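Next comes target_10.cif, with mmCIF, C-alpha atoms.
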```
data_query
#
loop_
_atom_site.label_atom_id
_atom_site.label_comp_id
_atom_site.auth_asym_id
_atom_site.auth_seq_id
_atom_site.Cartn_x
_atom_site.Cartn_y
_atom_site.Cartn_z
CA MET D 113 -62.50 82.35 -248.90
CA VAL D 114 -58.83 81.46 -248.53
CA THR D 115 -58.49 77.68 -248.57
CA GLY D 116 -54.73 77.39 -248.35
CA LEU D 117 -51.40 79.05 -249.02
CA TYR D 118 -52.00 78.90 -252.78
CA ASP D 119 -55.09 81.12 -252.56
CA ILE D 120 -53.63 83.99 -250.55
CA PRO D 121 -53.45 87.14 -252.69
CA LEU D 122 -49.90 88.44 -253.19
CA ASN D 123 -48.11 90.99 -255.32
CA ASP D 124 -44.87 90.28 -257.11
CA ILE D 125 -41.91 92.66 -256.82
CA ASP D 126 -43.29 94.65 -259.77
CA GLY D 127 -46.63 95.16 -258.00
CA LYS D 128 -48.56 92.71 -260.20
CA ALA D 129 -51.30 90.73 -258.42
CA THR D 130 -50.41 87.07 -258.10
CA SER D 131 -50.58 84.10 -255.74
CA LEU D 132 -48.70 80.89 -255.10
CA LYS D 133 -51.01 78.96 -257.45
CA ASP D 134 -48.31 78.90 -260.14
CA TYR D 135 -46.11 76.95 -257.73
CA ARG D 136 -48.65 74.22 -256.91
CA GLY D 137 -46.91 70.85 -257.08
CA GLN D 138 -43.47 72.31 -256.34
CA VAL D 139 -41.39 72.32 -253.18
CA LEU D 140 -41.04 75.91 -251.97
CA LEU D 141 -38.73 77.69 -249.56
CA ILE D 142 -40.48 80.88 -248.41
CA VAL D 143 -38.02 83.38 -246.93
CA ASN D 144 -38.46 86.90 -245.53
CA VAL D 145 -35.44 88.73 -246.93
CA ALA D 146 -33.68 92.07 -246.37
CA SER D 147 -30.86 93.89 -248.13
CA GLN D 148 -29.14 95.54 -245.15
CA CYS D 149 -29.03 92.70 -242.63
CA GLY D 150 -26.10 90.80 -241.18
CA LEU D 151 -27.78 87.70 -242.64
CA THR D 152 -28.11 89.19 -246.16
CA PRO D 153 -25.21 87.02 -247.44
CA GLN D 154 -27.67 84.11 -247.18
CA TYR D 155 -28.85 85.29 -250.61
CA THR D 156 -25.77 83.49 -251.99
CA GLN D 157 -26.83 80.15 -250.51
CA LEU D 158 -30.50 80.69 -251.40
CA GLU D 159 -29.54 81.26 -255.03
CA ALA D 160 -27.30 78.17 -254.94
CA LEU D 161 -30.28 76.11 -253.73
CA GLN D 162 -32.42 77.60 -256.51
CA LYS D 163 -29.88 76.62 -259.15
CA LYS D 164 -29.24 73.16 -257.69
CA TYR D 165 -32.86 72.06 -257.31
CA ALA D 166 -34.91 74.14 -259.78
CA ASP D 167 -35.00 71.38 -262.40
CA ARG D 168 -36.42 69.01 -259.76
CA GLY D 169 -39.42 71.23 -258.96
CA PHE D 170 -38.01 73.48 -256.24
CA THR D 171 -38.29 77.25 -255.96
CA VAL D 172 -37.06 79.80 -253.42
CA LEU D 173 -39.56 82.63 -252.92
CA GLY D 174 -38.21 85.87 -251.44
CA PHE D 175 -40.47 88.22 -249.49
CA PRO D 176 -38.73 91.52 -248.70
CA CYS D 177 -39.58 92.77 -245.24
CA ASN D 178 -38.69 95.96 -243.35
CA ASP D 179 -40.02 94.79 -239.96
CA PHE D 180 -36.63 94.17 -238.33
CA GLY D 181 -34.32 97.11 -237.77
CA SER D 182 -35.55 98.84 -240.96
CA GLN D 183 -33.12 96.64 -242.88
CA GLU D 184 -35.15 96.63 -246.11
CA PRO D 185 -35.89 100.32 -246.71
CA GLY D 186 -35.59 100.19 -250.50
CA THR D 187 -38.14 100.58 -253.24
CA PRO D 188 -39.07 97.51 -255.30
CA GLU D 189 -36.69 98.68 -258.02
CA GLN D 190 -33.83 99.14 -255.54
CA ILE D 191 -34.45 95.69 -254.05
CA LYS D 192 -34.52 94.03 -257.49
CA THR D 193 -31.33 95.81 -258.55
CA PHE D 194 -29.54 94.96 -255.30
CA CYS D 195 -30.52 91.30 -255.48
CA SER D 196 -29.62 90.87 -259.14
CA THR D 197 -26.35 92.82 -259.15
CA LYS D 198 -24.92 91.87 -255.73
CA TYR D 199 -26.18 88.27 -255.44
CA ASN D 200 -27.28 87.31 -258.99
CA VAL D 201 -30.70 86.33 -257.62
CA THR D 202 -32.89 84.57 -260.18
CA PHE D 203 -35.59 83.25 -257.85
CA PRO D 204 -38.90 85.11 -257.62
CA LEU D 205 -39.18 88.15 -255.37
CA PHE D 206 -42.47 89.52 -254.12
CA ALA D 207 -43.67 92.91 -252.92
CA LYS D 208 -42.45 94.05 -249.54
CA LEU D 209 -44.77 92.88 -246.79
CA HIS D 210 -45.11 92.67 -243.01
CA VAL D 211 -44.37 89.33 -241.35
CA LYS D 212 -45.51 90.38 -237.85
CA GLY D 213 -47.59 92.95 -236.03
CA ALA D 214 -50.94 94.56 -236.77
CA GLU D 215 -50.20 94.76 -240.51
CA GLN D 216 -49.01 91.14 -240.80
CA HIS D 217 -49.66 89.80 -244.28
CA PRO D 218 -52.17 86.92 -244.52
CA LEU D 219 -49.41 84.63 -245.87
CA TYR D 220 -47.41 85.07 -242.68
CA ALA D 221 -50.54 84.86 -240.54
CA ALA D 222 -51.11 81.43 -242.12
CA LEU D 223 -47.46 80.41 -241.61
CA THR D 224 -47.06 81.65 -238.03
CA GLY D 225 -50.54 82.02 -236.52
CA LYS D 226 -51.88 80.00 -233.59
CA ASP D 227 -53.33 77.37 -235.94
CA ALA D 228 -50.13 77.04 -237.99
CA LYS D 229 -47.98 73.91 -237.90
CA PHE D 230 -45.10 76.03 -236.58
CA PRO D 231 -46.77 78.92 -234.72
CA GLY D 232 -44.89 81.87 -233.34
CA ASP D 233 -43.58 85.21 -234.52
CA ILE D 234 -40.82 85.50 -237.07
CA LYS D 235 -37.72 86.38 -235.05
CA TRP D 236 -35.69 88.25 -237.69
CA ASN D 237 -34.94 88.47 -241.41
CA PHE D 238 -34.30 85.21 -243.29
CA GLY D 239 -36.79 82.99 -241.47
CA LYS D 240 -37.50 80.02 -243.74
CA PHE D 241 -40.54 77.80 -244.32
CA LEU D 242 -40.31 74.66 -246.44
CA ILE D 243 -43.57 73.92 -248.24
CA GLY D 244 -44.26 70.48 -249.73
CA LYS D 245 -45.66 69.74 -253.17
CA ASN D 246 -49.17 69.59 -251.72
CA GLY D 247 -48.94 73.01 -250.02
CA GLU D 248 -48.28 71.60 -246.54
CA VAL D 249 -45.79 73.43 -244.34
CA LEU D 250 -43.12 70.80 -243.67
CA HIS D 251 -40.38 72.63 -241.77
CA ARG D 252 -39.51 75.98 -240.25
CA PHE D 253 -35.92 77.12 -240.03
CA GLU D 254 -34.88 80.07 -237.91
CA PRO D 255 -33.02 83.04 -239.45
CA GLN D 256 -29.56 81.97 -238.26
CA THR D 257 -29.93 78.55 -239.92
CA LYS D 258 -28.10 78.97 -243.20
CA PRO D 259 -29.77 77.76 -246.39
CA ASP D 260 -26.92 75.29 -246.97
CA ASP D 261 -27.20 73.80 -243.47
CA PRO D 262 -27.36 69.99 -243.71
CA ALA D 263 -30.79 69.98 -242.02
CA VAL D 264 -32.17 72.32 -244.71
CA ILE D 265 -30.61 70.31 -247.55
CA GLN D 266 -31.93 67.04 -246.11
CA ALA D 267 -35.43 68.51 -245.70
CA ILE D 268 -35.47 69.82 -249.30
CA GLU D 269 -34.24 66.52 -250.72
CA SER D 270 -36.77 64.56 -248.65
CA ALA D 271 -39.61 66.83 -249.83
CA LEU D 272 -38.52 66.50 -253.46
CA ALA D 273 -38.42 62.71 -253.17
CA LYS D 274 -42.09 62.50 -252.10
#
```
With the file now loaded, output its structure as structure tokens.
Amino acid sequence: MVTGLYDIPLNDIDGKATSLKDYRGQVLLIVNVASQCGLTPQYTQLEALQKKYADRGFTVLGFPCNDFGSQEPGTPEQIKTFCSTKYNVTFPLFAKLHVKGAEQHPLYAALTGKDAKFPGDIKWNFGKFLIGKNGEVLHRFEPQTKPDDPAVIQAIESALAK
């Protein structure tokens, strides 16, 4: 039985079975990412957040998704190479998954389903969910909200201070 976000089975970008259990006690920013999107430059700001707050118990988690305009068509290897060479991404990336529709991954069902704190479909690539140290979903930021937006920074700092 899944008892929370930490227990949902995931695969990392290399296909290895994992979950969010390793991140228990940290503040997380879960983001559905894509390599060929007009919002792809947000990788720069996401990585800046990772570097700025990592030593305080914060981690960005990237979930590649091809649900919007087929903007993430690559293989796991292509995605990893793109992210590391073009944007110097060091935060964890996971296996490509579906954030909406009949094949929606259980993680996104938990984040966006009718019983979620912030229900409703993901609108596009780079939707963001801020998760508190206890696994509670604290905030949802729409795709156009940049990772360095003052509201995002304030929410991260507030979550880290708790």
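For the choices D:Ala221, D:Leu173, D:Leu209, D:Ala160, the atom-to-atom distance to Val139 (chain D) is smallest for D:Leu173 when using only C-alpha atoms.
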Report the residues retrieved by the PyMOL selection byres ((chain D and resi 146) around 7) from the displayed file, expressed as a PDB file with C-alpha atoms, in the frame of the given file.
```pdb
ATOM      1  CA  VAL D 145     -35.440  88.730-246.930  1.00  0.00           C
ATOM      2  CA  SER D 147     -30.860  93.890-248.130  1.00  0.00           C
ATOM      3  CA  GLN D 148     -29.140  95.540-245.150  1.00  0.00           C
ATOM      4  CA  CYS D 149     -29.030  92.700-242.630  1.00  0.00           C
ATOM      5  CA  THR D 152     -28.110  89.190-246.160  1.00  0.00           C
ATOM      6  CA  PRO D 176     -38.730  91.520-248.700  1.00  0.00           C
ATOM      7  CA  CYS D 177     -39.580  92.770-245.240  1.00  0.00           C
ATOM      8  CA  GLN D 183     -33.120  96.640-242.880  1.00  0.00           C
ATOM      9  CA  GLU D 184     -35.150  96.630-246.110  1.00  0.00           C
ATOM     10  CA  ASN D 237     -34.940  88.470-241.410  1.00  0.00           C
TER      11      ASN D 237
END
```
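Of the residues listed (D:Gln162, D:Ser131, D:Gln157, D:Thr224), D:Thr224 shows the shortest atom-to-atom separation from Arg252 (chain D); distances use all atoms listed in the file.
Residues in contact with Glu269 (chain D) at 12 Å, where all atoms listed in the file are counted and same-chain residues fewer than 2 positions away are skipped, are listed as Val139, Leu140, Leu161, Lys164, Tyr165, Ala166, Arg168, Gly169, Phe170, Leu242, Gly244, Pro262, Ala263, Val264, Ile265, Gln266, Ala267, Ala271, Leu272, Ala273 and Lys274 of chain D.
When only C-alpha atoms are used to compute distances to Gly116 (chain D), the closest of the residues D:Gln216, D:Asn246, D:Thr197, D:Thr187 turns out to be D:Asn246.
Distance check against Lys258 (chain D) using all atoms listed in the file: of D:Val201, D:Leu122, D:Val143, D:Ala222, the minimum falls on D:Val143.
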Distance in Å - CA of Glu159 (chain D) versus CA of Ala228 (chain D): 27.1 Å
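With CA of Gly174 (chain D) on one side and CA of Pro188 (chain D) on the other, the separation reads 12.3 Å.
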Nearest candidate to Leu219 (chain D) (options D:Asn178, D:Gly127, D:Lys192, D:Phe241; using only C-alpha atoms): D:Phe241
Excluding Gly239 (chain D) and any residue of its chain fewer than 4 positions from it, enumerate the residues within 8 Å of it, using all atoms listed in the file, and give them as a tab-separated table (two decimals) with C-alpha atoms, in the coordinates of the input.
```tsv
chain	number	residue	atom	x	y	z
D	143	VAL	CA	-38.02	83.38	-246.93
D	144	ASN	CA	-38.46	86.90	-245.53
D	234	ILE	CA	-40.82	85.50	-237.07
D	235	LYS	CA	-37.72	86.38	-235.05
D	252	ARG	CA	-39.51	75.98	-240.25
D	253	PHE	CA	-35.92	77.12	-240.03
D	254	GLU	CA	-34.88	80.07	-237.91
D	255	PRO	CA	-33.02	83.04	-239.45
D	256	GLN	CA	-29.56	81.97	-238.26
```
Target residues per the PyMOL selection byres ((chain D and resi 203-206) around 6), formatted as number ranges by chain: D: 123-125, 172-175, 201-202, 207
Point-to-point distance in Å for CA of Asp126 (chain D) and CA of Pro185 (chain D): 16.0 Å
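Distance annotation: of D:Tyr118, D:Trp236, D:Tyr220, D:Tyr135, the residue with the minimal separation from Gly181 (chain D) is D:Trp236; atom set is all atoms listed in the file.
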